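Chemist: File name model.txt; file contents compact mmCIF, C-alpha atoms; full text below.
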# COMPACT_ATOMS: atom_id res chain seq x y z
CA MET A 1 88.90 10.97 111.94
CA SER A 2 91.28 9.13 114.24
CA ALA A 3 94.62 10.57 115.35
CA THR A 4 96.43 7.99 113.20
CA GLU A 5 94.46 8.97 110.10
CA SER A 6 95.11 12.65 110.79
CA ILE A 7 98.86 12.04 111.07
CA GLU A 8 98.81 10.01 107.86
CA ASP A 9 97.08 12.88 106.05
CA ILE A 10 99.84 15.24 107.22
CA GLU A 11 102.48 12.76 106.09
CA VAL A 12 100.88 12.37 102.66
CA GLN A 13 100.72 16.14 102.21
CA LEU A 14 104.40 16.43 103.11
CA LEU A 15 105.24 13.56 100.76
CA LEU A 16 103.46 15.23 97.85
CA GLU A 17 105.14 18.56 98.58
CA GLY A 18 108.51 16.82 98.75
CA ILE A 19 107.92 15.06 95.41
CA PHE A 20 106.99 18.37 93.81
CA GLN A 21 110.03 20.19 95.20
CA ARG A 22 112.46 17.36 94.40
CA TYR A 23 111.20 16.02 91.07
CA GLY A 24 108.69 18.59 89.75
CA PHE A 25 105.72 16.19 89.62
CA ASP A 26 102.63 17.74 91.18
CA PHE A 27 100.19 15.30 92.81
CA ARG A 28 99.03 17.82 95.41
CA ASN A 29 95.59 18.31 93.85
CA TYR A 30 94.83 14.70 93.05
CA THR A 31 91.81 13.23 94.82
CA ARG A 32 93.12 12.13 98.17
CA ALA A 33 91.32 8.80 98.69
CA ALA A 34 92.66 7.15 95.52
CA LEU A 35 96.09 8.71 96.04
CA LYS A 36 96.40 7.43 99.60
CA SER A 37 95.63 3.94 98.37
CA ARG A 38 98.49 4.18 95.87
CA VAL A 39 100.83 5.59 98.51
CA ARG A 40 100.09 2.57 100.69
CA TYR A 41 100.85 0.33 97.72
CA CYS A 42 104.20 2.10 97.34
CA MET A 43 104.90 1.59 101.05
CA TRP A 44 104.24 -2.13 100.67
CA GLY A 45 106.43 -2.35 97.58
CA GLU A 46 109.32 -0.50 99.21
CA GLY A 47 109.04 -2.38 102.48
CA VAL A 48 108.50 0.64 104.72
CA ALA A 49 106.05 1.06 107.60
CA SER A 50 105.14 4.74 107.34
CA VAL A 51 104.55 7.46 104.76
CA SER A 52 107.41 9.44 106.30
CA ALA A 53 109.78 6.53 105.72
CA LEU A 54 108.59 6.33 102.13
CA GLN A 55 109.18 10.06 101.73
CA GLU A 56 112.77 9.75 102.95
CA LYS A 57 113.44 6.88 100.56
CA ILE A 58 111.88 8.68 97.58
CA LEU A 59 113.74 11.94 98.21
CA TYR A 60 117.15 10.29 98.55
CA ASP A 61 116.79 7.49 95.99
CA ALA A 62 115.81 8.46 92.45
CA THR A 63 115.33 4.83 91.44
CA CYS A 64 112.80 4.44 94.24
CA TRP A 65 110.98 7.51 92.86
CA GLU A 66 110.88 5.96 89.38
CA ARG A 67 109.24 2.85 90.83
CA CYS A 68 106.73 4.87 92.84
CA LEU A 69 105.90 7.20 89.94
CA HIS A 70 104.57 4.20 88.03
CA ALA A 71 102.30 3.35 90.97
CA LEU A 72 101.14 6.92 91.61
CA SER A 73 100.33 7.74 88.00
CA VAL A 74 97.51 6.19 85.99
CA GLY A 75 99.19 3.70 83.67
CA VAL A 76 96.48 1.23 82.67
CA THR A 77 94.34 1.36 79.56
CA THR A 78 93.29 -0.95 76.71
CA MET A 79 92.69 -0.86 72.98
CA PHE A 80 89.35 0.60 71.90
CA ARG A 81 88.45 1.07 75.55
CA ASP A 82 84.67 1.57 75.69
CA ALA A 83 84.04 0.53 72.08
CA GLY A 84 80.97 2.78 71.79
CA PHE A 85 83.21 5.81 72.30
CA TYR A 86 85.25 4.89 69.23
CA LEU A 87 82.16 4.03 67.23
CA ALA A 88 80.83 7.52 68.01
CA PHE A 89 84.16 8.94 66.86
CA LYS A 90 83.82 7.15 63.53
CA GLU A 91 80.20 8.11 62.98
CA LYS A 92 80.05 11.65 64.39
CA VAL A 93 83.56 13.10 64.65
CA VAL A 94 85.24 11.76 61.51
CA PRO A 95 82.74 13.59 59.23
CA LEU A 96 83.77 16.86 60.92
CA LEU A 97 87.40 16.18 59.99
CA ARG A 98 86.96 15.37 56.31
CA ASN A 99 87.74 18.90 55.11
CA CYS A 100 90.70 19.53 57.42
CA PRO A 101 93.98 19.71 55.46
CA LEU A 102 95.93 18.72 58.59
CA ILE A 103 94.33 16.94 61.54
CA ARG A 104 96.12 17.34 64.86
CA ILE A 105 94.97 15.02 67.64
CA TRP A 106 96.11 15.13 71.26
CA HIS A 107 95.87 12.10 73.55
CA ALA A 108 96.40 13.77 76.94
CA GLY A 109 97.48 11.24 79.57
CA CYS A 110 97.98 8.41 77.08
CA ALA A 111 99.39 5.96 79.67
CA SER A 112 100.64 2.78 77.99
CA GLY A 113 99.44 3.88 74.55
CA GLU A 114 96.83 1.34 73.50
CA GLU A 115 94.18 3.99 72.85
CA VAL A 116 96.64 5.96 70.72
CA TYR A 117 97.10 3.00 68.39
CA SER A 118 93.33 2.48 68.41
CA MET A 119 92.86 6.01 67.09
CA ALA A 120 95.60 5.52 64.48
CA ILE A 121 93.81 2.40 63.20
CA LEU A 122 90.45 4.16 62.91
CA LEU A 123 92.01 7.14 61.13
CA ARG A 124 93.72 4.78 58.71
CA GLU A 125 90.47 2.96 58.00
CA ALA A 126 88.73 6.30 57.45
CA GLY A 127 91.39 7.38 54.96
CA LEU A 128 92.55 10.24 57.19
CA TYR A 129 95.77 8.93 58.71
CA GLU A 130 98.14 10.32 56.07
CA ARG A 131 97.10 13.89 56.93
CA SER A 132 96.91 13.34 60.67
CA LEU A 133 99.42 13.92 63.46
CA ILE A 134 98.72 12.26 66.80
CA TYR A 135 100.43 13.81 69.81
CA ALA A 136 100.51 11.25 72.62
CA THR A 137 101.59 12.67 75.98
CA ASP A 138 101.97 11.46 79.52
CA MET A 139 103.96 12.60 82.54
CA ASN A 140 105.56 9.16 82.95
CA ALA A 141 108.60 8.84 80.66
CA ALA A 142 108.92 5.10 81.27
CA LEU A 143 105.34 4.51 80.11
CA LEU A 144 105.95 6.65 77.04
CA ALA A 145 109.00 4.60 76.12
CA ARG A 146 106.99 1.40 76.31
CA ALA A 147 104.11 2.92 74.38
CA SER A 148 106.31 4.24 71.59
CA ALA A 149 107.86 0.78 71.14
CA GLY A 150 104.36 -0.53 70.39
CA VAL A 151 104.98 -3.95 71.92
CA TYR A 152 102.14 -5.60 73.85
CA SER A 153 101.35 -8.96 75.41
CA LYS A 154 99.49 -11.52 73.33
CA ASP A 155 97.25 -12.45 76.27
CA LYS A 156 95.42 -9.15 75.69
CA MET A 157 94.65 -9.85 72.04
CA LYS A 158 91.28 -11.53 72.60
CA GLU A 159 90.01 -8.49 74.50
CA TYR A 160 91.47 -6.10 71.95
CA ASN A 161 89.83 -7.95 69.07
CA GLU A 162 86.45 -7.90 70.79
CA ASN A 163 86.73 -4.16 71.39
CA TYR A 164 87.83 -3.58 67.80
CA TYR A 165 84.80 -5.38 66.44
CA GLY A 166 82.62 -3.49 68.92
CA ALA A 167 83.93 -0.28 67.36
CA GLU A 168 82.99 -1.77 63.97
CA GLY A 169 86.53 -1.97 62.67
CA LYS A 170 86.70 -2.61 58.96
CA GLY A 171 89.29 -5.37 58.86
CA SER A 172 91.31 -7.39 61.34
CA LEU A 173 93.79 -6.26 63.97
CA THR A 174 96.25 -8.72 62.45
CA ASP A 175 96.57 -6.24 59.58
CA TYR A 176 98.32 -3.82 61.91
CA TYR A 177 100.83 -5.82 63.92
CA LEU A 178 103.55 -8.47 63.69
CA PRO A 179 104.50 -11.27 66.10
CA HIS A 180 107.18 -10.19 68.56
CA GLU A 181 108.74 -12.53 71.16
CA ASN A 182 105.85 -13.39 73.53
CA GLY A 183 103.53 -10.74 72.15
CA PHE A 184 103.06 -8.48 69.16
CA ILE A 185 104.39 -5.20 67.82
CA PHE A 186 102.51 -2.61 65.79
CA ARG A 187 103.76 -2.03 62.27
CA ASP A 188 105.92 1.01 61.55
CA GLU A 189 103.38 2.46 59.11
CA LEU A 190 100.94 2.76 62.03
CA LYS A 191 103.53 4.52 64.19
CA LYS A 192 104.86 7.03 61.68
CA ASN A 193 102.42 9.86 62.45
CA ILE A 194 102.50 9.50 66.23
CA ILE A 195 104.58 11.94 68.28
CA TRP A 196 105.28 10.77 71.84
CA ALA A 197 106.20 13.46 74.39
CA GLN A 198 106.31 14.03 78.13
CA HIS A 199 103.67 16.48 79.36
CA ASN A 200 102.19 16.98 82.81
CA LEU A 201 98.59 18.22 82.87
CA ALA A 202 99.04 19.49 86.42
CA THR A 203 101.94 21.83 85.62
CA ASP A 204 102.51 22.22 81.86
CA SER A 205 100.85 24.59 79.41
CA SER A 206 99.25 24.32 75.98
CA PHE A 207 101.70 23.49 73.19
CA ASN A 208 99.59 23.43 70.00
CA GLU A 209 96.10 23.79 68.58
CA PHE A 210 94.19 20.56 67.96
CA GLN A 211 91.15 19.46 66.00
CA VAL A 212 90.57 16.55 68.42
CA ILE A 213 91.57 16.07 72.05
CA LEU A 214 91.09 12.91 74.09
CA CYS A 215 91.48 13.22 77.86
CA ARG A 216 89.85 10.09 79.21
CA ASN A 217 89.86 8.62 82.72
CA VAL A 218 92.23 11.34 83.87
CA LEU A 219 90.04 14.10 85.32
CA ILE A 220 88.41 11.67 87.75
CA TYR A 221 91.69 11.54 89.67
CA PHE A 222 91.89 15.34 90.13
CA ASP A 223 90.22 17.55 92.72
CA ARG A 224 88.09 20.53 91.64
CA VAL A 225 91.01 22.97 91.61
CA LEU A 226 93.10 20.81 89.30
CA GLN A 227 90.09 19.89 87.17
CA ALA A 228 89.45 23.60 86.55
CA ARG A 229 93.07 24.08 85.51
CA VAL A 230 92.94 21.16 83.09
CA HIS A 231 89.60 22.23 81.62
CA LYS A 232 91.18 25.62 80.86
CA LEU A 233 94.18 23.92 79.28
CA LEU A 234 91.98 21.70 77.10
CA TYR A 235 89.83 24.65 76.04
CA GLU A 236 92.88 26.72 75.09
CA SER A 237 94.33 23.81 73.13
CA LEU A 238 91.20 22.97 71.12
CA ALA A 239 90.48 24.69 67.81
CA LEU A 240 87.10 26.28 67.26
CA THR A 241 84.69 23.49 66.17
CA GLY A 242 87.23 20.97 67.48
CA ALA A 243 86.05 17.82 69.28
CA LEU A 244 86.84 16.84 72.88
CA GLY A 245 86.37 13.27 74.10
CA LEU A 246 86.02 12.45 77.80
CA ALA A 247 85.21 9.24 79.67
CA GLY A 248 81.92 8.06 81.13
CA LYS A 249 82.34 9.56 84.62
CA GLU A 250 83.77 12.85 83.37
CA THR A 251 81.92 15.94 82.19
CA ILE A 252 82.45 19.44 80.87
CA LYS A 253 79.10 20.47 82.38
CA PHE A 254 80.33 22.06 85.60
CA SER A 255 83.56 23.53 84.23
CA PRO A 256 84.05 27.29 83.67
CA PHE A 257 83.90 26.58 79.92
CA ALA A 258 80.69 24.56 79.81
CA GLU A 259 78.86 27.10 77.63
CA CYS A 260 81.68 27.05 75.10
CA PHE A 261 80.78 23.49 74.05
CA GLU A 262 77.86 21.65 72.52
CA PRO A 263 77.30 17.87 72.62
CA ILE A 264 78.25 15.69 69.68
CA ASP A 265 77.28 12.49 71.48
CA ARG A 266 75.88 12.81 74.99
CA VAL A 267 76.24 9.13 75.88
CA GLU A 268 79.83 8.72 74.73
CA LYS A 269 80.94 12.14 76.04
CA TRP A 270 82.00 13.77 72.79
CA VAL A 271 81.57 17.57 72.72
CA ARG A 272 82.50 20.30 70.23
CA ARG A 273 83.89 23.75 70.94
CA ILE A 274 81.51 26.40 69.61
CA ARG A 275 83.09 29.59 71.00
Translate this file's structure into C-alpha cells.
Modeler:
Amino acid sequence: MSATESIEDIEVQLLLEGIFQRYGFDFRNYTRAALKSRVRYCMWGEGVASVSALQEKILYDATCWERCLHALSVGVTTMFRDAGFYLAFKEKVVPLLRNCPLIRIWHAGCASGEEVYSMAILLREAGLYERSLIYATDMNAALLARASAGVYSKDKMKEYNENYYGAEGKGSLTDYYLPHENGFIFRDELKKNIIWAQHNLATDSSFNEFQVILCRNVLIYFDRVLQARVHKLLYESLALTGALGLAGKETIKFSPFAECFEPIDRVEKWVRRIR
C-alpha cells in the first residue's frame, strides 16, 4: 500500500466516524472497497480534492450530507429483480402463507421501492394482499419519500414488463398503474397496505415479527461484523416457519444462525426458519 493510499484510508475512517457522530448514520462496517469508490464519487460531485475536504463540507453543511447520503447508500433496484426469485416466492412461499390470518412482510433496505410494489402485485394476484401488511424500510428518507409516491419513469416499463412476465404474472402491469406526467404512478389500491418507514440495519433494532423478510443486495455491502449483526436482527424479526429471501451472492450459510434455517429454494436463496 502506498503512503497516499494509507492516508486516504485514515481520512475515510475519520469521515465515517464524523458522519456517525454528526448524523447517526453508521457506515463504519461497510466493505471498504465499494465505499471508497462512492466517497470518491461524492468528492467529484462536491468539487473537492481530498476526503478531508469532503468531511469538512459534510459536517458543516447538512444539504451536502443529504446529497452524499444518496451516493453512499444503495438506492438502485428494479421491479421483479431476478424474476426467478419472485417465481419461487409464488410457487414455494405463497403456499406457506395461505393459512396465516395476517401476513407481515418486511422489505429491509427497500431503496427506491420497485421490489415492494412487485411483492404487492404478486400478493394481490395470489389473493393474499387484503390480509397482508408490507413494511418497507430504508435508512434514506429521501428515497422513501420517492418510493411511497409510487411514481416511476416510463423508460423503465419495458424492462419491468419483461421481469413481470418472467415471474409469470397473471395479468398486465397496466392493471396496476396510471399515466403520470412523463412516467406512471401505481394505483392507490396497491399502496394501501404498504407502510414506509426509516430504519437503519446498522444501528436499529427489531420492531415486529414477520412471516416473510426480504433483505436483498444489502448484506454484500457489509463486512463480517456488520453482517453478523444484521443476521441476528433478521433472525429475531422472523417468525418460526417464516421465510427469508436473500440475493444471489448472499447466504445464511456462514452466519451464527445457519442451523436455524432450512432451504426452501437453494437457487433463489429462499430459506425458512425452523428453530
Chemist: So which residues touch A:Ile274 within 9 Å, counting all atoms listed in the file, skipping near sequence neighbours fewer than 6 positions away, as a PyMOL selection string?
Modeler: chain A and resi 240-242+259-262
Chemist: Find the spatial neighbours of stretch 151-165 of chain A, counting all atoms listed in the file, within a cut-off of 12 Å - ignore same-chain residues fewer than 3 positions away - and output them as a ChimeraX atom specification.
Modeler: /A:77-87,112-115,117-119,121-122,143-148,168-188,191
Chemist: Rank nothing, just name the residue among A:Ala149, A:Arg229, A:Phe89, A:Gly248 nearest to A:Ile213, using all atoms listed in the file.
Modeler: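 Checking each of A:Ala149, A:Arg229, A:Phe89, A:Gly248 against A:Ile213, counting all atoms listed in the file, the winner is A:Phe89.
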Chemist: If we draw a sphere of 10 Å around (88.0, 12.7, 82.9), which residues have at least one atom in it when counting all atoms listed in the file? Please report them as a VMD selection string.
Modeler: chain A and resid 214 to 222 227 230 to 231 245 to 252 269
Chemist: For stretch 123-130 of chain A, work out the shell of residues within 10 Å, counting only C-alpha atoms and skipping chain neighbours fewer than 6 positions away, then give it as a list of chain:residue names.
Modeler: A:Phe89, A:Lys90, A:Val94, A:Pro95, A:Leu97, A:Arg98, A:Cys100, A:Pro101, A:Leu102, A:Ile103, A:Tyr117, A:Gly169, A:Lys170, A:Gly171, A:Glu189, A:Leu190, A:Lys192, A:Asn193
Chemist: I'd like to know which of A:Val12, A:Val271, A:Ile134, A:Ala62 is closest to A:Val116, using all atoms listed in the file.
Modeler: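 Looking at the shortest contact to A:Val116, the residue is A:Ile134.
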